[in-house]
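Below: one structure, written as structure tokens.
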Amino acid sequence: MKHSKLRLFRYLAPDAKAMEAELDRMARLGWALRWLHCGLACFRRTQRRDLSYCVELCPANRAGEEDAGYLRLCADAGWELRAQSAGFRVFASSPGACPAPLQTDPALDFEVNWKTVLRQAQWNFLHLPFVLAFNLLLGLFTAARSIHWWGIFLSLPHLLLLPCLLLVLLWDTASFLWLGAFRKRCRGAVGSGAPLPVPSRRAARGRMLCSTLASLLLLLSLLLTFWPSPGRINDLVYPADLYPVVRSGDLSGGAEDTGSGYLLWEGSPLLRHAQSLTFLAHTPVRTDYYLCRWDWLADVVRDSLLAEEQSENALHFHATPIHPEPIELGFDRSWLYIGPDGWQSLLLVEGDVVASVEGPTDFTDPAVLDMVRARLALEKSPDPAPEARPVGMSAPVKQAQGVEGFHA
């Protein structure tokens with residue numbers, strides 16, 4: 001026969017009386033509470049048949065000598081303090097005693113113990129929504145570039161983070177509303193002189209399990225927040241031909257290829273992104289490349305990039321917003337903007353690839369378009385044959401830090 005056992009005992013403050021009823025039920029089955037810590041309760045076998053419990057909320061305005069005097073009065077009345085957690089005090093009846101209830105006046109009990117605790121418990125469930133809303137607004141107002149909702153697909157950890165936070169927010173919202181209704185029921189009972197309402201055992205255990213799950217999801221969300229994305233590179237020096245980006249050396253036939261520049265390489269199997277920035281004759285050569293898992297995602301990315309180019313609030317590598325016009329260049333769809341001094345910006349869609357390339361070149365030149373196609377095909381074919389490599393593309397580097405195994 002088992003002489004002790006552990007149980008999840010993570011009750012919420014409004015369920016104190018449901019917790020008391022569960023302890024009394026365990027006592028009738030021959031189990032006595034040994035200890036209660038961090039939402040876990042340990043029970044031991046007992047032969048007592050007169051064992052009963054009383055659960056009180058921890059006093060909000062009573063401490064020190066005043067509280068010690070109250071505990072002495074409880075002991076004299078036959079109630080021994082058995083366990084104490086963050087929100088509860090558990091009293092057990094002394095052997096041979098038949099103690100009277102500690103609280104006999106529901107109105108006084110509500111005013112002294114329940115009123116403040118229930119109000120604090122209700123508003124505590126708004127902490128996480130306020131923090132998330134503040135961080136979201138802070139990110140929107142301080143971001144250097146436009147924030148796109150589809151960017152969540154760039155990281156599988158962050159993609160998993162979203163449903164975790166949504167479930168926690170759903171639990172917090174439901175708990176906030178339920179506590180508001182429970183406080184109203186308590187006030188109504190006090191006003192009519194009736195006893196305070198006691199939540200059902202099943203409902204209290206359901207809230208216990210949901211609260212525990214929400215805490216675990218919150219912990220998982222914290223871990224996912226700091227989980228590094230695989231294959232991510234953010235550097236100033238990078239190999240020449242491992243990435244589907246157009247560089248200054250590609251536009252100059254290798255004459256101005258220094259092998260240095262800015263590269264961002266990130267993503268997941270659902271959405272991959274490469275961005276590079278080099279300079280040709282002091283003019284930026286920039287590529288934004290996206291490989292999308294679904295056609296609808298490619299359409300969304302394309303529309304967002306077009307809108308970003310035309311927005312006055314977005315960060316541009318060119319001086320002012322531009323308005324690319326549709327043009328037929330042999331891609332599935334393409335848009336081109338021709339600026340002053342030979343500078344052009346090309347936005348294209350080719351299958352599941354969406355790319356934006358801009359620099360001092362003529363994107364209507366077939367040779368330039370062949371070079372762009374070959375460069376953007378590197379993600380699907382990371383080691384193109386030498387004879388298929390356009391002029392200006394050096395031999396590919398076989399491996400780079402963080403890239404091995406990341407190509408499709």
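Letters A, B, ... mark the chains of the structure tokens in the order given; residue numbers begin at 1 per chain; ligand numbers begin at 1, in order shown.
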For this session: Excluding Arg45 (chain A) and residues on its chain fewer than 2 positions from it, collect all residues at most 12 Å away from it, counting only C-alpha atoms, and give them as a list in words.
Result: Met1, Lys2, His3, Ser4, Lys5, Met26, Ala27, Arg28, Leu29, Gly30, Trp31, Ala32, Leu33, Arg34, Cys42, Phe43, Gln47, Arg48, Arg49 and Leu51 of chain A
Generate the output file for the selected residues, N, CA, C and O atoms, as a PDB file, in the first residue's frame.
```pdb
ATOM      1  N   MET A   1       0.851  -1.199   0.000  1.00  0.00           N
ATOM      2  CA  MET A   1       0.000   0.000   0.000  1.00  0.00           C
ATOM      3  C   MET A   1       0.882   1.244   0.000  1.00  0.00           C
ATOM      4  O   MET A   1       1.865   1.314   0.734  1.00  0.00           O
ATOM      5  N   LYS A   2       0.509   2.205  -0.834  1.00  0.00           N
ATOM      6  CA  LYS A   2       1.258   3.458  -0.869  1.00  0.00           C
ATOM      7  C   LYS A   2       0.990   4.243   0.411  1.00  0.00           C
ATOM      8  O   LYS A   2      -0.151   4.356   0.864  1.00  0.00           O
ATOM      9  N   HIS A   3       2.062   4.800   0.971  1.00  0.00           N
ATOM     10  CA  HIS A   3       1.935   5.586   2.196  1.00  0.00           C
ATOM     11  C   HIS A   3       2.015   7.090   1.942  1.00  0.00           C
ATOM     12  O   HIS A   3       1.809   7.871   2.871  1.00  0.00           O
ATOM     13  N   SER A   4       2.349   7.490   0.719  1.00  0.00           N
ATOM     14  CA  SER A   4       2.368   8.914   0.369  1.00  0.00           C
ATOM     15  C   SER A   4       2.176   9.054  -1.133  1.00  0.00           C
ATOM     16  O   SER A   4       2.440   8.119  -1.892  1.00  0.00           O
ATOM     17  N   LYS A   5       1.726  10.204  -1.544  1.00  0.00           N
ATOM     18  CA  LYS A   5       1.575  10.469  -2.965  1.00  0.00           C
ATOM     19  C   LYS A   5       1.589  11.972  -3.216  1.00  0.00           C
ATOM     20  O   LYS A   5       1.255  12.788  -2.334  1.00  0.00           O
ATOM     21  N   MET A  26     -10.138  14.306   0.506  1.00  0.00           N
ATOM     22  CA  MET A  26      -8.956  13.454   0.659  1.00  0.00           C
ATOM     23  C   MET A  26      -8.861  12.912   2.084  1.00  0.00           C
ATOM     24  O   MET A  26      -8.470  11.756   2.305  1.00  0.00           O
ATOM     25  N   ALA A  27      -9.239  13.744   3.079  1.00  0.00           N
ATOM     26  CA  ALA A  27      -9.190  13.291   4.479  1.00  0.00           C
ATOM     27  C   ALA A  27     -10.175  12.149   4.708  1.00  0.00           C
ATOM     28  O   ALA A  27      -9.874  11.191   5.437  1.00  0.00           O
ATOM     29  N   ARG A  28     -11.340  12.221   4.087  1.00  0.00           N
ATOM     30  CA  ARG A  28     -12.315  11.143   4.249  1.00  0.00           C
ATOM     31  C   ARG A  28     -11.823   9.841   3.603  1.00  0.00           C
ATOM     32  O   ARG A  28     -12.231   8.746   4.015  1.00  0.00           O
ATOM     33  N   LEU A  29     -10.921   9.969   2.606  1.00  0.00           N
ATOM     34  CA  LEU A  29     -10.339   8.797   1.958  1.00  0.00           C
ATOM     35  C   LEU A  29      -9.104   8.290   2.689  1.00  0.00           C
ATOM     36  O   LEU A  29      -8.489   7.321   2.237  1.00  0.00           O
ATOM     37  N   GLY A  30      -8.743   8.968   3.795  1.00  0.00           N
ATOM     38  CA  GLY A  30      -7.605   8.528   4.579  1.00  0.00           C
ATOM     39  C   GLY A  30      -6.278   9.138   4.191  1.00  0.00           C
ATOM     40  O   GLY A  30      -5.223   8.544   4.455  1.00  0.00           O
ATOM     41  N   TRP A  31      -6.310  10.332   3.599  1.00  0.00           N
ATOM     42  CA  TRP A  31      -5.079  11.013   3.211  1.00  0.00           C
ATOM     43  C   TRP A  31      -5.002  12.357   3.923  1.00  0.00           C
ATOM     44  O   TRP A  31      -5.932  13.151   3.877  1.00  0.00           O
ATOM     45  N   ALA A  32      -3.855  12.615   4.550  1.00  0.00           N
ATOM     46  CA  ALA A  32      -3.616  13.882   5.252  1.00  0.00           C
ATOM     47  C   ALA A  32      -2.536  14.668   4.515  1.00  0.00           C
ATOM     48  O   ALA A  32      -1.569  14.088   3.992  1.00  0.00           O
ATOM     49  N   LEU A  33      -2.696  15.977   4.484  1.00  0.00           N
ATOM     50  CA  LEU A  33      -1.720  16.843   3.810  1.00  0.00           C
ATOM     51  C   LEU A  33      -0.423  16.874   4.602  1.00  0.00           C
ATOM     52  O   LEU A  33      -0.416  17.166   5.798  1.00  0.00           O
ATOM     53  N   ARG A  34       0.697  16.586   3.923  1.00  0.00           N
ATOM     54  CA  ARG A  34       2.011  16.663   4.555  1.00  0.00           C
ATOM     55  C   ARG A  34       2.660  18.010   4.277  1.00  0.00           C
ATOM     56  O   ARG A  34       3.147  18.662   5.186  1.00  0.00           O
ATOM     57  N   CYS A  42       1.838  17.055  -1.143  1.00  0.00           N
ATOM     58  CA  CYS A  42       2.213  15.700  -0.743  1.00  0.00           C
ATOM     59  C   CYS A  42       1.247  15.239   0.350  1.00  0.00           C
ATOM     60  O   CYS A  42       1.057  15.943   1.357  1.00  0.00           O
ATOM     61  N   PHE A  43       0.663  14.061   0.146  1.00  0.00           N
ATOM     62  CA  PHE A  43      -0.283  13.492   1.115  1.00  0.00           C
ATOM     63  C   PHE A  43       0.304  12.212   1.700  1.00  0.00           C
ATOM     64  O   PHE A  43       1.036  11.481   1.026  1.00  0.00           O
ATOM     65  N   GLN A  47      -4.886   7.514   9.901  1.00  0.00           N
ATOM     66  CA  GLN A  47      -5.987   6.730  10.477  1.00  0.00           C
ATOM     67  C   GLN A  47      -7.049   7.623  11.105  1.00  0.00           C
ATOM     68  O   GLN A  47      -8.060   7.124  11.599  1.00  0.00           O
ATOM     69  N   ARG A  48      -6.795   8.925  11.084  1.00  0.00           N
ATOM     70  CA  ARG A  48      -7.745   9.843  11.726  1.00  0.00           C
ATOM     71  C   ARG A  48      -9.059   9.888  10.960  1.00  0.00           C
ATOM     72  O   ARG A  48      -9.084   9.904   9.729  1.00  0.00           O
ATOM     73  N   ARG A  49     -10.144   9.944  11.698  1.00  0.00           N
ATOM     74  CA  ARG A  49     -11.466  10.079  11.105  1.00  0.00           C
ATOM     75  C   ARG A  49     -12.112  11.415  11.452  1.00  0.00           C
ATOM     76  O   ARG A  49     -13.207  11.722  10.945  1.00  0.00           O
ATOM     77  N   LEU A  51     -10.369  14.308  10.964  1.00  0.00           N
ATOM     78  CA  LEU A  51      -9.544  15.313  10.298  1.00  0.00           C
ATOM     79  C   LEU A  51     -10.388  16.159   9.347  1.00  0.00           C
ATOM     80  O   LEU A  51     -11.159  15.629   8.534  1.00  0.00           O
TER      81      LEU A  51
END
```
Problem set entry | Backbone-only DSSP, helix (DSSP H, G or I) members of region 38-170 of chain A, as an NGL selection string | :A and (64-76 or 106-124 or 127-142 or 149-154 or 156-170)
Leaving out Ile322 (chain A) and any residue of its chain fewer than 6 positions from it, which residues lie within 10 Å of it when counting only C-alpha atoms, given as a PDB file with C-alpha atoms, in the first residue's frame?
```pdb
ATOM      1  CA  LEU A 306       5.652  47.096 -53.923  1.00  0.00           C
ATOM      2  CA  ALA A 307       3.813  49.045 -51.225  1.00  0.00           C
ATOM      3  CA  GLU A 308       7.068  49.580 -49.291  1.00  0.00           C
ATOM      4  CA  GLU A 309       8.802  51.048 -52.346  1.00  0.00           C
ATOM      5  CA  GLN A 310       5.974  53.565 -52.724  1.00  0.00           C
ATOM      6  CA  SER A 311       5.672  54.472 -49.040  1.00  0.00           C
ATOM      7  CA  GLU A 312       7.061  57.731 -47.709  1.00  0.00           C
ATOM      8  CA  HIS A 316      14.719  53.370 -48.698  1.00  0.00           C
ATOM      9  CA  LEU A 336      10.848  48.267 -63.287  1.00  0.00           C
ATOM     10  CA  TYR A 337      11.698  51.795 -62.211  1.00  0.00           C
ATOM     11  CA  ILE A 338      14.258  53.770 -64.241  1.00  0.00           C
ATOM     12  CA  GLY A 339      15.850  56.536 -62.203  1.00  0.00           C
ATOM     13  CA  SER A 345      15.098  49.140 -59.550  1.00  0.00           C
TER      14      SER A 345
END
```
For this session: Within 9 Å of region 187-203 of chain A, counting only C-alpha atoms, which residues show up once you throw out same-chain ones fewer than 2 positions away? Write them as a list in words, please.
Result: Pro14, Asp15, Ala16, Lys17, Ala18, Met19, Ala21, Glu22, Asp105, Pro106, Ala107, Leu108, Asp109, Phe110, Lys115, Phe182, Arg183, Lys184, Arg185, Arg205, Gly206, Arg207 and Met208 of chain A
Problem set entry | A:Tyr262, A:Trp114, A:Pro95, A:Arg72 ranked by distance to Thr46 (chain A), top pick (using only C-alpha atoms) |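 Ranked by minimum distance to Thr46 (chain A), first place goes to A:Pro95.
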For this session: Find the residues around region 214-228 of chain A up to 8 Å (only C-alpha atoms counted), leave out those fewer than 5 positions away in its own chain, and share them as JSON, numbers by chain.
Result: {"A": [157, 158, 160, 161, 164, 165, 167, 168, 171]}
Dump as a PDB file, in the first residue's frame, selection limited to all heavy atoms:
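part_30.pdb, freshly written:
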```pdb
ATOM      1  N   PRO A 157      11.068  28.933 -34.653  1.00  0.00           N
ATOM      2  CA  PRO A 157      10.817  29.195 -33.225  1.00  0.00           C
ATOM      3  C   PRO A 157       9.814  30.311 -33.003  1.00  0.00           C
ATOM      4  O   PRO A 157       8.934  30.211 -32.148  1.00  0.00           O
ATOM      5  CB  PRO A 157      12.212  29.555 -32.688  1.00  0.00           C
ATOM      6  CG  PRO A 157      13.160  28.843 -33.589  1.00  0.00           C
ATOM      7  CD  PRO A 157      12.525  28.911 -34.939  1.00  0.00           C
ATOM      8  N   HIS A 158       9.923  31.392 -33.775  1.00  0.00           N
ATOM      9  CA  HIS A 158       8.984  32.497 -33.605  1.00  0.00           C
ATOM     10  C   HIS A 158       7.599  32.135 -34.116  1.00  0.00           C
ATOM     11  O   HIS A 158       6.586  32.635 -33.614  1.00  0.00           O
ATOM     12  CB  HIS A 158       9.505  33.738 -34.323  1.00  0.00           C
ATOM     13  CG  HIS A 158      10.707  34.329 -33.670  1.00  0.00           C
ATOM     14  ND1 HIS A 158      11.471  35.328 -34.243  1.00  0.00           N
ATOM     15  CD2 HIS A 158      11.297  34.049 -32.483  1.00  0.00           C
ATOM     16  CE1 HIS A 158      12.466  35.638 -33.437  1.00  0.00           C
ATOM     17  NE2 HIS A 158      12.382  34.881 -32.362  1.00  0.00           N
ATOM     18  N   LEU A 160       6.303  29.168 -33.802  1.00  0.00           N
ATOM     19  CA  LEU A 160       5.724  28.409 -32.698  1.00  0.00           C
ATOM     20  C   LEU A 160       5.386  29.310 -31.519  1.00  0.00           C
ATOM     21  O   LEU A 160       4.480  29.013 -30.735  1.00  0.00           O
ATOM     22  CB  LEU A 160       6.708  27.321 -32.249  1.00  0.00           C
ATOM     23  CG  LEU A 160       6.991  26.207 -33.258  1.00  0.00           C
ATOM     24  CD1 LEU A 160       8.103  25.307 -32.743  1.00  0.00           C
ATOM     25  CD2 LEU A 160       5.743  25.396 -33.546  1.00  0.00           C
ATOM     26  N   LEU A 161       6.133  30.410 -31.403  1.00  0.00           N
ATOM     27  CA  LEU A 161       5.889  31.347 -30.296  1.00  0.00           C
ATOM     28  C   LEU A 161       4.502  31.978 -30.395  1.00  0.00           C
ATOM     29  O   LEU A 161       3.837  32.203 -29.378  1.00  0.00           O
ATOM     30  CB  LEU A 161       6.975  32.426 -30.316  1.00  0.00           C
ATOM     31  CG  LEU A 161       6.829  33.609 -29.368  1.00  0.00           C
ATOM     32  CD1 LEU A 161       6.943  33.146 -27.921  1.00  0.00           C
ATOM     33  CD2 LEU A 161       7.894  34.660 -29.659  1.00  0.00           C
ATOM     34  N   CYS A 164       1.610  29.924 -28.920  1.00  0.00           N
ATOM     35  CA  CYS A 164       1.797  29.840 -27.467  1.00  0.00           C
ATOM     36  C   CYS A 164       1.299  31.107 -26.787  1.00  0.00           C
ATOM     37  O   CYS A 164       0.547  31.053 -25.797  1.00  0.00           O
ATOM     38  CB  CYS A 164       3.280  29.609 -27.137  1.00  0.00           C
ATOM     39  SG  CYS A 164       3.904  27.977 -27.575  1.00  0.00           S
ATOM     40  N   LEU A 165       1.706  32.251 -27.313  1.00  0.00           N
ATOM     41  CA  LEU A 165       1.276  33.525 -26.712  1.00  0.00           C
ATOM     42  C   LEU A 165      -0.222  33.743 -26.880  1.00  0.00           C
ATOM     43  O   LEU A 165      -0.882  34.280 -25.981  1.00  0.00           O
ATOM     44  CB  LEU A 165       2.056  34.679 -27.338  1.00  0.00           C
ATOM     45  CG  LEU A 165       3.533  34.787 -26.947  1.00  0.00           C
ATOM     46  CD1 LEU A 165       4.191  35.953 -27.669  1.00  0.00           C
ATOM     47  CD2 LEU A 165       3.689  34.952 -25.436  1.00  0.00           C
ATOM     48  N   LEU A 167      -2.555  31.441 -26.944  1.00  0.00           N
ATOM     49  CA  LEU A 167      -3.250  30.597 -25.966  1.00  0.00           C
ATOM     50  C   LEU A 167      -3.160  31.197 -24.566  1.00  0.00           C
ATOM     51  O   LEU A 167      -4.137  31.178 -23.805  1.00  0.00           O
ATOM     52  CB  LEU A 167      -2.659  29.196 -25.979  1.00  0.00           C
ATOM     53  CG  LEU A 167      -2.995  28.331 -27.199  1.00  0.00           C
ATOM     54  CD1 LEU A 167      -2.216  27.027 -27.164  1.00  0.00           C
ATOM     55  CD2 LEU A 167      -4.495  28.055 -27.261  1.00  0.00           C
ATOM     56  N   VAL A 168      -1.983  31.732 -24.220  1.00  0.00           N
ATOM     57  CA  VAL A 168      -1.830  32.363 -22.901  1.00  0.00           C
ATOM     58  C   VAL A 168      -2.726  33.599 -22.805  1.00  0.00           C
ATOM     59  O   VAL A 168      -3.378  33.840 -21.768  1.00  0.00           O
ATOM     60  CB  VAL A 168      -0.364  32.721 -22.637  1.00  0.00           C
ATOM     61  CG1 VAL A 168      -0.223  33.494 -21.329  1.00  0.00           C
ATOM     62  CG2 VAL A 168       0.492  31.457 -22.571  1.00  0.00           C
ATOM     63  N   TRP A 171      -6.267  32.534 -22.239  1.00  0.00           N
ATOM     64  CA  TRP A 171      -6.481  32.134 -20.850  1.00  0.00           C
ATOM     65  C   TRP A 171      -6.564  33.359 -19.942  1.00  0.00           C
ATOM     66  O   TRP A 171      -7.446  33.432 -19.070  1.00  0.00           O
ATOM     67  CB  TRP A 171      -5.364  31.213 -20.395  1.00  0.00           C
ATOM     68  CG  TRP A 171      -5.223  31.109 -18.910  1.00  0.00           C
ATOM     69  CD1 TRP A 171      -4.202  31.585 -18.139  1.00  0.00           C
ATOM     70  CD2 TRP A 171      -6.153  30.503 -17.988  1.00  0.00           C
ATOM     71  NE1 TRP A 171      -4.423  31.321 -16.814  1.00  0.00           N
ATOM     72  CE2 TRP A 171      -5.622  30.650 -16.694  1.00  0.00           C
ATOM     73  CE3 TRP A 171      -7.368  29.853 -18.142  1.00  0.00           C
ATOM     74  CZ2 TRP A 171      -6.261  30.173 -15.568  1.00  0.00           C
ATOM     75  CZ3 TRP A 171      -8.016  29.389 -17.012  1.00  0.00           C
ATOM     76  CH2 TRP A 171      -7.464  29.531 -15.748  1.00  0.00           C
TER      77      TRP A 171
END
```
For this session: Measuring atom to atom with only C-alpha atoms, identify which of A:Leu213, A:Cys98, A:Cys74, A:Leu264 is nearest to Asp50 (chain A).
Result: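 Under the stated criterion, the closest residue is A:Cys98.
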For this session: Pick out the closest residue to Gln103 (chain A) from this set: A:Leu57, A:Ala133, A:Ala68, A:Leu8. Count only C-alpha atoms.
Result: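 Nearest candidate to Gln103 (chain A) out of A:Leu57, A:Ala133, A:Ala68, A:Leu8: A:Leu57.
Straight-line separation from CA of Thr278 (chain A) to CA of Asp250 (chain A): 10.6 Å.
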For this session: Quick one: pull the distance between CA of Glu266 (chain A) and CA of Thr320 (chain A), Å, one decimal.
Result: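 So the two atoms, CA of Glu266 (chain A) and CA of Thr320 (chain A), lie 27.4 Å apart.
Residue neighbourhood of Arg89 (chain A), excluding near-sequence residues (fewer than 3 positions): Cys54, Val55, Glu56, Leu57, Cys58, Leu81, Arg82, Ala83, Gln84, Ser85 and Ala86 of chain A, at 9 Å, using only C-alpha atoms.
Among the candidates A:Val90, A:Leu102, A:Val368, A:Val285, the residue lying nearest to Asp76 (chain A) is A:Leu102 (atoms considered: only C-alpha atoms).
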Exercise. Counting only C-alpha atoms, which of A:Pro284, A:Pro321, A:Glu358, A:Arg272 gets nearest to Ala298 (chain A)?
Worked result: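 Ranking A:Pro284, A:Pro321, A:Glu358, A:Arg272 by distance to Ala298 (chain A), first place goes to A:Arg272.
Closest to Ala204 (chain A) among A:Val301, A:Val245, A:Leu12, A:Val117 is A:Leu12, based on only C-alpha atoms.
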